[in-house]
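Chemist: Hey, dropping entry_20.pdb in here, PDB, C-alpha atoms, pLDDT in the B column:
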ATOM      1  CA  MET A1225      -6.586  28.609  24.344  1.00 59.00           C
ATOM      2  CA  LYS A1226      -5.870  26.060  21.604  1.00 64.00           C
ATOM      3  CA  LEU A1227      -4.081  26.936  18.383  1.00 58.00           C
ATOM      4  CA  LYS A1228      -6.963  25.717  16.245  1.00 62.00           C
ATOM      5  CA  ASP A1229      -9.297  28.357  17.698  1.00 62.00           C
ATOM      6  CA  VAL A1230      -6.778  30.964  18.862  1.00 62.00           C
ATOM      7  CA  GLU A1231      -7.965  34.516  19.549  1.00 70.00           C
ATOM      8  CA  SER A1232      -4.675  36.222  20.254  1.00 69.00           C
ATOM      9  CA  LYS A1233      -6.224  39.703  20.369  1.00 63.00           C
ATOM     10  CA  GLU A1234      -7.587  38.760  23.771  1.00 67.00           C
ATOM     11  CA  LEU A1235      -4.008  38.703  25.018  1.00 67.00           C
ATOM     12  CA  LEU A1236      -3.316  42.288  23.988  1.00 64.00           C
ATOM     13  CA  PRO A1237      -2.925  44.905  26.741  1.00 71.00           C
ATOM     14  CA  SER A1238      -5.633  47.596  26.853  1.00 65.00           C
ATOM     15  CA  TRP A1239      -3.390  50.215  25.267  1.00 65.00           C
ATOM     16  CA  ALA A1240      -2.923  48.036  22.138  1.00 65.00           C
ATOM     17  CA  ASN A1241      -6.583  47.655  21.150  1.00 70.00           C
ATOM     18  CA  ASN A1242      -5.876  49.339  17.808  1.00 74.00           C
ATOM     19  CA  ALA A1243      -3.647  46.403  16.864  1.00 72.00           C
ATOM     20  CA  GLU A1244      -6.467  43.854  16.868  1.00 74.00           C
ATOM     21  CA  TRP A1245      -6.492  43.726  13.063  1.00 62.00           C
ATOM     22  CA  LEU A1246      -2.885  42.556  13.107  1.00 70.00           C
ATOM     23  CA  GLN A1247      -3.720  39.780  15.532  1.00 73.00           C
ATOM     24  CA  ASN A1248      -6.672  38.679  13.401  1.00 72.00           C
ATOM     25  CA  GLY A1249      -4.308  38.167  10.459  1.00 73.00           C
ATOM     26  CA  LEU A1250      -1.878  36.257  12.672  1.00 71.00           C
ATOM     27  CA  ASP A1251      -4.690  34.069  13.972  1.00 68.00           C
ATOM     28  CA  LEU A1252      -5.728  33.091  10.450  1.00 74.00           C
ATOM     29  CA  ALA A1253      -2.172  31.956   9.691  1.00 71.00           C
ATOM     30  CA  VAL A1254      -1.807  30.086  12.983  1.00 64.00           C
ATOM     31  CA  ARG A1255      -5.134  28.272  12.568  1.00 68.00           C
ATOM     32  CA  SER A1256      -4.212  27.223   9.046  1.00 65.00           C
ATOM     33  CA  ILE A1257      -0.835  25.879  10.160  1.00 68.00           C
ATOM     34  CA  SER A1258      -2.218  24.165  13.259  1.00 64.00           C
ATOM     35  CA  ALA A1259      -4.715  22.250  11.129  1.00 64.00           C
ATOM     36  CA  ARG A1260      -1.774  20.570   9.392  1.00 68.00           C
ATOM     37  CA  ILE A1261       0.150  19.708  12.570  1.00 72.00           C
ATOM     38  CA  PRO A1262      -1.216  16.117  12.753  1.00 68.00           C
ATOM     39  CA  GLY A1263       0.346  15.352   9.359  1.00 73.00           C
ATOM     40  CA  MET A1264       3.761  16.817  10.101  1.00 76.00           C
ATOM     41  CA  GLY A1265       5.080  13.472  11.319  1.00 79.00           C
ATOM     42  CA  ALA A1266       4.476  11.762   7.968  1.00 82.00           C
ATOM     43  CA  PRO A1267       5.757   9.282   6.916  1.00 87.00           C
ATOM     44  CA  PHE A1268       7.195   8.339  10.322  1.00 88.00           C
ATOM     45  CA  THR A1269       3.825   7.417  11.850  1.00 91.00           C
ATOM     46  CA  LEU A1270       0.757   5.937  10.198  1.00 93.00           C
ATOM     47  CA  ASP A1271      -1.529   8.379  12.045  1.00 92.00           C
ATOM     48  CA  ALA A1272       0.412  11.293  10.525  1.00 92.00           C
ATOM     49  CA  VAL A1273       0.086   9.793   7.037  1.00 94.00           C
ATOM     50  CA  LYS A1274      -3.673   9.401   7.559  1.00 93.00           C
ATOM     51  CA  ALA A1275      -3.916  13.096   8.462  1.00 91.00           C
ATOM     52  CA  LEU A1276      -2.611  14.152   5.038  1.00 92.00           C
ATOM     53  CA  SER A1277      -4.872  15.387   2.281  1.00 92.00           C
ATOM     54  CA  ASP A1278      -4.838  13.493  -1.023  1.00 95.00           C
ATOM     55  CA  GLU A1279      -2.661  16.227  -2.520  1.00 94.00           C
ATOM     56  CA  GLU A1280      -0.210  16.025   0.384  1.00 93.00           C
ATOM     57  CA  LEU A1281      -0.118  12.233   0.179  1.00 95.00           C
ATOM     58  CA  GLU A1282       0.718  12.391  -3.530  1.00 96.00           C
ATOM     59  CA  ALA A1283       3.435  14.964  -2.813  1.00 95.00           C
ATOM     60  CA  LEU A1284       4.879  12.619  -0.174  1.00 94.00           C
ATOM     61  CA  TYR A1285       5.149   9.806  -2.729  1.00 95.00           C
ATOM     62  CA  GLU A1286       6.898  12.199  -5.112  1.00 94.00           C
ATOM     63  CA  GLN A1287       9.245  13.405  -2.376  1.00 92.00           C
ATOM     64  CA  ILE A1288      10.267   9.907  -1.292  1.00 89.00           C
ATOM     65  CA  GLY A1289      10.552   8.822  -4.922  1.00 89.00           C
ATOM     66  CA  ILE A1290      10.625   5.068  -4.300  1.00 89.00           C
ATOM     67  CA  VAL A1291       7.365   4.019  -5.943  1.00 92.00           C
ATOM     68  CA  LYS A1292       4.765   5.701  -8.104  1.00 94.00           C
ATOM     69  CA  TYR A1293       1.541   7.104  -6.707  1.00 96.00           C
ATOM     70  CA  TYR A1294      -1.703   5.636  -8.079  1.00 96.00           C
ATOM     71  CA  PRO A1295      -4.747   7.731  -7.057  1.00 96.00           C
ATOM     72  CA  ASP A1296      -7.164   5.019  -8.198  1.00 94.00           C
ATOM     73  CA  LEU A1297      -6.036   2.723  -5.374  1.00 95.00           C
ATOM     74  CA  SER A1298      -7.936   2.860  -2.098  1.00 96.00           C
ATOM     75  CA  ARG A1299      -6.913   5.516   0.401  1.00 96.00           C
ATOM     76  CA  THR A1300      -6.064   2.832   2.986  1.00 96.00           C
ATOM     77  CA  THR A1301      -3.722   1.068   0.554  1.00 96.00           C
ATOM     78  CA  ARG A1302      -1.939   4.302  -0.363  1.00 96.00           C
ATOM     79  CA  GLU A1303      -1.506   5.271   3.293  1.00 96.00           C
ATOM     80  CA  SER A1304      -0.274   1.906   4.508  1.00 95.00           C
ATOM     81  CA  PHE A1305       2.177   1.313   1.675  1.00 94.00           C
ATOM     82  CA  ILE A1306       4.043   4.626   1.867  1.00 94.00           C
ATOM     83  CA  PHE A1307       4.373   4.211   5.634  1.00 94.00           C
ATOM     84  CA  GLU A1308       5.630   0.626   5.365  1.00 91.00           C
ATOM     85  CA  ILE A1309       8.005   1.207   2.466  1.00 89.00           C
ATOM     86  CA  TYR A1310       9.614   4.236   4.127  1.00 88.00           C
ATOM     87  CA  THR A1311       9.914   2.867   7.650  1.00 85.00           C
ATOM     88  CA  ASN A1312      11.241  -0.435   6.286  1.00 82.00           C
ATOM     89  CA  ALA A1313      13.630   1.061   3.740  1.00 80.00           C
ATOM     90  CA  ARG A1314      16.351  -1.288   4.972  1.00 77.00           C
ATOM     91  CA  TYR A1315      14.465  -4.100   3.235  1.00 79.00           C
ATOM     92  CA  LEU A1316      14.887  -2.548  -0.223  1.00 83.00           C
ATOM     93  CA  GLY A1317      16.433  -5.131  -2.510  1.00 82.00           C
ATOM     94  CA  THR A1318      14.851  -8.068  -0.671  1.00 86.00           C
ATOM     95  CA  PRO A1319      11.957 -10.357  -1.646  1.00 88.00           C
ATOM     96  CA  ALA A1320       9.909  -8.864   1.214  1.00 88.00           C
ATOM     97  CA  VAL A1321       9.726  -5.437  -0.425  1.00 90.00           C
ATOM     98  CA  VAL A1322       8.736  -6.938  -3.795  1.00 90.00           C
ATOM     99  CA  GLU A1323       5.881  -8.687  -2.006  1.00 91.00           C
ATOM    100  CA  LYS A1324       4.794  -5.365  -0.456  1.00 92.00           C
ATOM    101  CA  LEU A1325       4.831  -3.738  -3.891  1.00 92.00           C
ATOM    102  CA  ILE A1326       2.631  -6.458  -5.384  1.00 92.00           C
ATOM    103  CA  LYS A1327       0.091  -6.195  -2.572  1.00 92.00           C
ATOM    104  CA  TYR A1328       0.079  -2.413  -3.056  1.00 94.00           C
ATOM    105  CA  ILE A1329      -0.705  -2.856  -6.756  1.00 93.00           C
ATOM    106  CA  PHE A1330      -3.452  -5.388  -6.013  1.00 92.00           C
ATOM    107  CA  ASP A1331      -5.055  -2.849  -3.643  1.00 91.00           C
ATOM    108  CA  GLY A1332      -6.290  -5.232  -0.955  1.00 84.00           C
ATOM    109  CA  GLN A1333      -7.461  -7.967  -3.288  1.00 87.00           C
ATOM    110  CA  PRO A1334      -6.410 -11.443  -2.152  1.00 87.00           C
ATOM    111  CA  VAL A1335      -3.098 -12.503  -3.649  1.00 89.00           C
ATOM    112  CA  ASN A1336      -0.416 -14.914  -2.449  1.00 90.00           C
ATOM    113  CA  VAL A1337       3.106 -13.977  -3.492  1.00 92.00           C
ATOM    114  CA  THR A1338       6.025 -16.402  -3.753  1.00 91.00           C
ATOM    115  CA  ILE A1339       9.502 -15.243  -4.757  1.00 92.00           C
ATOM    116  CA  HIS A1340      11.730 -17.958  -6.243  1.00 91.00           C
ATOM    117  CA  ASP A1341      15.237 -16.506  -5.970  1.00 89.00           C
ATOM    118  CA  ASN A1342      17.323 -19.669  -5.678  1.00 88.00           C
ATOM    119  CA  LEU A1343      17.014 -20.711  -9.320  1.00 90.00           C
ATOM    120  CA  ALA A1344      20.741 -21.266  -9.790  1.00 92.00           C
ATOM    121  CA  PHE A1345      20.933 -23.899  -7.016  1.00 93.00           C
ATOM    122  CA  ASP A1346      19.525 -27.359  -6.490  1.00 91.00           C
ATOM    123  CA  SER A1347      17.709 -28.532  -3.373  1.00 88.00           C
ATOM    124  CA  SER A1348      21.021 -29.339  -1.651  1.00 91.00           C
ATOM    125  CA  GLY A1349      22.346 -25.812  -2.203  1.00 89.00           C
ATOM    126  CA  SER A1350      24.817 -26.712  -4.941  1.00 93.00           C
ATOM    127  CA  LEU A1351      25.279 -24.332  -7.853  1.00 93.00           C
ATOM    128  CA  VAL A1352      23.885 -25.968 -11.002  1.00 94.00           C
ATOM    129  CA  ASP A1353      23.368 -23.032 -13.387  1.00 92.00           C
ATOM    130  CA  SER A1354      25.478 -19.901 -12.948  1.00 91.00           C
ATOM    131  CA  SER A1355      23.470 -18.070 -15.631  1.00 89.00           C
ATOM    132  CA  LEU A1356      20.553 -17.956 -13.170  1.00 89.00           C
ATOM    133  CA  LEU A1357      22.495 -16.195 -10.407  1.00 91.00           C
ATOM    134  CA  ASP A1358      20.757 -12.980  -9.300  1.00 89.00           C
ATOM    135  CA  THR A1359      17.681 -14.070 -11.242  1.00 89.00           C
ATOM    136  CA  TYR A1360      14.271 -14.611  -9.704  1.00 89.00           C
ATOM    137  CA  ASP A1361      10.700 -15.551 -10.568  1.00 89.00           C
ATOM    138  CA  ILE A1362       7.499 -14.150  -9.094  1.00 89.00           C
ATOM    139  CA  GLU A1363       4.564 -16.497  -8.598  1.00 88.00           C
ATOM    140  CA  LEU A1364       1.175 -14.914  -7.959  1.00 86.00           C
ATOM    141  CA  ASN A1365      -1.682 -17.090  -6.760  1.00 85.00           C
ATOM    142  CA  ILE A1366      -5.045 -15.381  -7.051  1.00 81.00           C
ATOM    143  CA  PRO A1367      -7.955 -17.270  -5.434  1.00 72.00           C
ATOM    144  CA  VAL A1368     -10.418 -15.746  -7.891  1.00 63.00           C
ATOM    145  CA  SER A1369      -9.954 -14.847 -11.527  1.00 63.00           C
ATOM    146  CA  ASN A1370      -9.850 -11.147 -10.770  1.00 64.00           C
ATOM    147  CA  LEU A1371      -6.703  -9.530 -12.103  1.00 73.00           C
ATOM    148  CA  PRO A1372      -6.528  -5.748 -11.590  1.00 74.00           C
ATOM    149  CA  ALA A1373      -5.809  -3.697 -14.685  1.00 72.00           C
ATOM    150  CA  LEU A1374      -2.249  -2.559 -15.324  1.00 84.00           C
ATOM    151  CA  VAL A1375      -0.708  -5.013 -12.830  1.00 85.00           C
ATOM    152  CA  LEU A1376       2.263  -5.899 -15.015  1.00 84.00           C
ATOM    153  CA  SER A1377       2.946  -2.371 -16.233  1.00 87.00           C
ATOM    154  CA  ARG A1378       2.823  -1.025 -12.680  1.00 91.00           C
ATOM    155  CA  LEU A1379       5.058  -3.841 -11.505  1.00 89.00           C
ATOM    156  CA  TYR A1380       7.652  -2.943 -14.144  1.00 86.00           C
ATOM    157  CA  GLU A1381       7.361   0.782 -13.408  1.00 88.00           C
ATOM    158  CA  ASN A1382       8.450   0.293  -9.812  1.00 91.00           C
ATOM    159  CA  LEU A1383      10.704  -2.755  -9.623  1.00 87.00           C
ATOM    160  CA  TYR A1384      13.813  -0.879 -10.716  1.00 82.00           C
ATOM    161  CA  ASN A1385      13.691   1.317  -7.601  1.00 84.00           C
ATOM    162  CA  LEU A1386      13.127  -1.619  -5.275  1.00 86.00           C
ATOM    163  CA  VAL A1387      15.732  -4.181  -6.338  1.00 84.00           C
ATOM    164  CA  ARG A1388      19.485  -4.175  -6.798  1.00 82.00           C
ATOM    165  CA  ASN A1389      20.823  -3.333 -10.243  1.00 79.00           C
ATOM    166  CA  THR A1390      22.189  -6.870 -10.534  1.00 82.00           C
ATOM    167  CA  GLN A1391      18.813  -8.529  -9.983  1.00 85.00           C
ATOM    168  CA  LYS A1392      16.798  -9.714 -12.946  1.00 86.00           C
ATOM    169  CA  LEU A1393      13.158 -10.730 -13.008  1.00 86.00           C
ATOM    170  CA  ARG A1394      12.919 -13.751 -15.282  1.00 86.00           C
ATOM    171  CA  ALA A1395       9.222 -14.581 -15.165  1.00 85.00           C
ATOM    172  CA  VAL A1396       5.876 -13.778 -13.605  1.00 85.00           C
ATOM    173  CA  ASP A1397       3.541 -16.765 -13.234  1.00 84.00           C
ATOM    174  CA  PHE A1398      -0.156 -16.270 -12.510  1.00 80.00           C
ATOM    175  CA  THR A1399      -2.218 -19.045 -10.953  1.00 79.00           C
ATOM    176  CA  PHE A1400      -6.010 -18.828 -11.172  1.00 73.00           C
ATOM    177  CA  ASP A1401      -8.114 -21.466  -9.401  1.00 60.00           C
ATOM    178  CA  ASP A1402      -5.078 -23.740  -9.128  1.00 53.00           C
ATOM    179  CA  GLU A1403      -4.502 -23.707 -12.885  1.00 55.00           C
ATOM    180  CA  ILE A1404      -1.204 -22.140 -14.026  1.00 55.00           C
ATOM    181  CA  ILE A1405      -1.660 -19.852 -16.991  1.00 56.00           C
ATOM    182  CA  ASP A1406       1.343 -20.189 -19.316  1.00 52.00           C
ATOM    183  CA  CYS A1407       2.042 -16.517 -19.814  1.00 55.00           C
ATOM    184  CA  ASN A1408       5.505 -15.544 -18.607  1.00 54.00           C
ATOM    185  CA  THR A1409       6.994 -12.114 -19.034  1.00 52.00           C
ATOM    186  CA  TYR A1410      10.711 -11.374 -18.857  1.00 52.00           C
ATOM    187  CA  PHE A1411      12.013  -8.134 -17.511  1.00 53.00           C
ATOM    188  CA  GLY A1412      15.672  -7.126 -17.412  1.00 50.00           C
ATOM    189  CA  ILE A1413      17.042  -4.506 -15.044  1.00 46.00           C
ATOM    190  CA  ILE A1414      18.911  -1.854 -17.052  1.00 43.00           C
ATOM    191  CA  PRO A1415      21.281   0.978 -16.047  1.00 41.00           C
ATOM    192  CA  ALA A1416      19.571   4.115 -14.753  1.00 41.00           C
ATOM    193  CA  GLU A1417      21.088   6.286 -17.475  1.00 42.00           C
ATOM    194  CA  THR A1418      19.539   4.142 -20.205  1.00 38.00           C
ATOM    195  CA  PRO A1419      16.109   5.522 -21.201  1.00 39.00           C
ATOM    196  CA  GLY A1420      13.140   3.221 -21.079  1.00 42.00           C
ATOM    197  CA  ILE A1421      12.663  -0.415 -20.102  1.00 40.00           C
ATOM    198  CA  VAL A1422      12.693  -3.279 -22.562  1.00 41.00           C
ATOM    199  CA  VAL A1423      10.090  -5.987 -21.973  1.00 42.00           C
ATOM    200  CA  ASP A1424      10.145  -9.238 -23.933  1.00 41.00           C
ATOM    201  CA  ILE A1425       7.060 -11.452 -24.024  1.00 40.00           C
ATOM    202  CA  GLU A1426       7.886 -15.137 -24.355  1.00 43.00           C
ATOM    203  CA  ASN A1427       4.586 -16.065 -26.032  1.00 42.00           C
ATOM    204  CA  ASP A1428       3.897 -14.570 -29.456  1.00 42.00           C
ATOM    205  CA  ALA A1429       0.177 -14.935 -28.953  1.00 43.00           C
ATOM    206  CA  VAL A1430      -1.700 -13.286 -26.131  1.00 45.00           C
ATOM    207  CA  CYS A1431      -2.733 -15.857 -23.545  1.00 51.00           C
ATOM    208  CA  ASP A1432      -6.407 -16.411 -22.903  1.00 51.00           C
ATOM    209  CA  MET A1433      -7.523 -15.630 -19.378  1.00 46.00           C
ATOM    210  CA  PRO A1434      -9.811 -18.186 -17.725  1.00 42.00           C
TER     211      PRO A1434
END
Once you've parsed the file, please lay out its structure as structure tokens.
Modeler:
Amino acid sequence: MKLKDVESKELLPSWANNAEWLQNGLDLAVRSISARIPGMGAPFTLDAVKALSDEELEALYEQIGIVKYYPDLSRTTRESFIFEIYTNARYLGTPAVVEKLIKYIFDGQPVNVTIHDNLAFDSSGSLVDSSLLDTYDIELNIPVSNLPALVLSRLYENLYNLVRNTQKLRAVDFTFDDEIIDCNTYFGIIPAETPGIVVDIENDAVCDMP
């Protein structure tokens, strides 16, 4: 007898037939719980994450509290990212996790990510500009001119939780069809107790997309 279709009243001795109604109530509870067993291993296995309902998946994002949950992204993207970001938590603060975040935001659309985090040094490894220590640029190469909505705002919403407090994003460069669009944004990491995030746009005018 499997938990998902349990009929525990069949296990009662003959003298306890009057207690069948109690067993029916127990069976309803057991069946309900057993239906959720496959998801109990989330986020430790991808199969367990896939077994979650949308509501449970959103609650898992809230519980882990590393990145925000975006229900408009594909189910596959939401499943894969929460599994990867949790099981690879040791990579928080590294370029690899920033790359994972960007691919999560792009929701499976083709994007090549390059993190330039050696801005303070020349090609030989010598320090040439100490003001650029702990500063990095993100370069996004998109094969087609298809930029998902809210990319920058979602990037800013989550970066603080993924990088060290000393790290500062200097610029985000977008490349469409091998042509660099001159539209850099600057984002400074601020202390957690300070409300809000200040974003300065280098260009006064909004850049024209191709």
Chemist: Could you tell me which residues the PyMOL selection byres ((chain A and resi 1319-1331) around 8) returns for this structure, as a list in words?
Modeler: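 Matching residues under the PyMOL selection byres ((chain A and resi 1319-1331) around 8) are Leu1297, Ser1298, Thr1301, Arg1302, Phe1305, Ile1309, Tyr1315, Leu1316, Gly1317, Thr1318, Gly1332, Gln1333, Pro1334, Val1335, Val1337, Thr1338, Ile1339, Pro1372, Val1375, Arg1378, Leu1379, Leu1383, Leu1386 and Val1387 of chain A.
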Chemist: Of the candidates A:His1340, A:Leu1284, A:Phe1398, A:Ser1354, which one gets nearest to A:Pro1367 if we count only C-alpha atoms?
Modeler: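 Answer, going by the shortest atom-to-atom distance: A:Phe1398.
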Chemist: What separation in Å, quoted to one decimal, exists between atom CA of A:Thr1269 and atom CA of A:Thr1311?
Modeler: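 Spanning atom CA of A:Thr1269 to atom CA of A:Thr1311 is a straight-line distance of 8.7 Å.
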Chemist: Could you tell me which residues the PyMOL selection byres ((chain A and resi 1295) around 10) grabs in this file, written as a compact mmCIF listing (two decimals) with C-alpha atoms, keeping the file's coordinate frame?
Modeler:
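Result file out_8.txt:
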# COMPACT_ATOMS: atom_id res chain seq x y z
CA ASP A 1278 -4.84 13.49 -1.02
CA GLU A 1279 -2.66 16.23 -2.52
CA LEU A 1281 -0.12 12.23 0.18
CA GLU A 1282 0.72 12.39 -3.53
CA LYS A 1292 4.76 5.70 -8.10
CA TYR A 1293 1.54 7.10 -6.71
CA TYR A 1294 -1.70 5.64 -8.08
CA ASP A 1296 -7.16 5.02 -8.20
CA LEU A 1297 -6.04 2.72 -5.37
CA SER A 1298 -7.94 2.86 -2.10
CA ARG A 1299 -6.91 5.52 0.40
CA ARG A 1302 -1.94 4.30 -0.36
Chemist: As a PDB file with C-alpha atoms, in the coordinates of the input, please: the residues near A:Phe1268 (cut-off 12 Å, only C-alpha atoms, same-chain neighbours under 3 positions excluded).
Modeler:
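The result, written out as selection.pdb:
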ATOM      1  CA  PRO A1262      -1.216  16.117  12.753  1.00 68.00           C
ATOM      2  CA  GLY A1263       0.346  15.352   9.359  1.00 73.00           C
ATOM      3  CA  MET A1264       3.761  16.817  10.101  1.00 76.00           C
ATOM      4  CA  GLY A1265       5.080  13.472  11.319  1.00 79.00           C
ATOM      5  CA  ASP A1271      -1.529   8.379  12.045  1.00 92.00           C
ATOM      6  CA  ALA A1272       0.412  11.293  10.525  1.00 92.00           C
ATOM      7  CA  VAL A1273       0.086   9.793   7.037  1.00 94.00           C
ATOM      8  CA  LYS A1274      -3.673   9.401   7.559  1.00 93.00           C
ATOM      9  CA  LEU A1284       4.879  12.619  -0.174  1.00 94.00           C
ATOM     10  CA  GLU A1303      -1.506   5.271   3.293  1.00 96.00           C
ATOM     11  CA  SER A1304      -0.274   1.906   4.508  1.00 95.00           C
ATOM     12  CA  ILE A1306       4.043   4.626   1.867  1.00 94.00           C
ATOM     13  CA  PHE A1307       4.373   4.211   5.634  1.00 94.00           C
ATOM     14  CA  GLU A1308       5.630   0.626   5.365  1.00 91.00           C
ATOM     15  CA  ILE A1309       8.005   1.207   2.466  1.00 89.00           C
ATOM     16  CA  TYR A1310       9.614   4.236   4.127  1.00 88.00           C
ATOM     17  CA  THR A1311       9.914   2.867   7.650  1.00 85.00           C
ATOM     18  CA  ASN A1312      11.241  -0.435   6.286  1.00 82.00           C
ATOM     19  CA  ALA A1313      13.630   1.061   3.740  1.00 80.00           C
TER      20      ALA A1313
END
Chemist: Distance atom CA of A:Asn1385-atom CA of A:Asp1358, one decimal place?
Modeler: 16.0 Å
Chemist: Record the distance separating atom CA of A:Leu1393 and atom CA of A:Thr1359, expressed in Å with one decimal.
Modeler: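 Separation of atom CA of A:Leu1393 and atom CA of A:Thr1359: 5.9 Å.
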Chemist: Could you check the closest approach to A:Ile1362 for each of A:Glu1231, A:Asp1397, A:Glu1244, A:Glu1280 and tell me which residue wins, using only C-alpha atoms?
Modeler: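 Closest to A:Ile1362 of all the choices is A:Asp1397.
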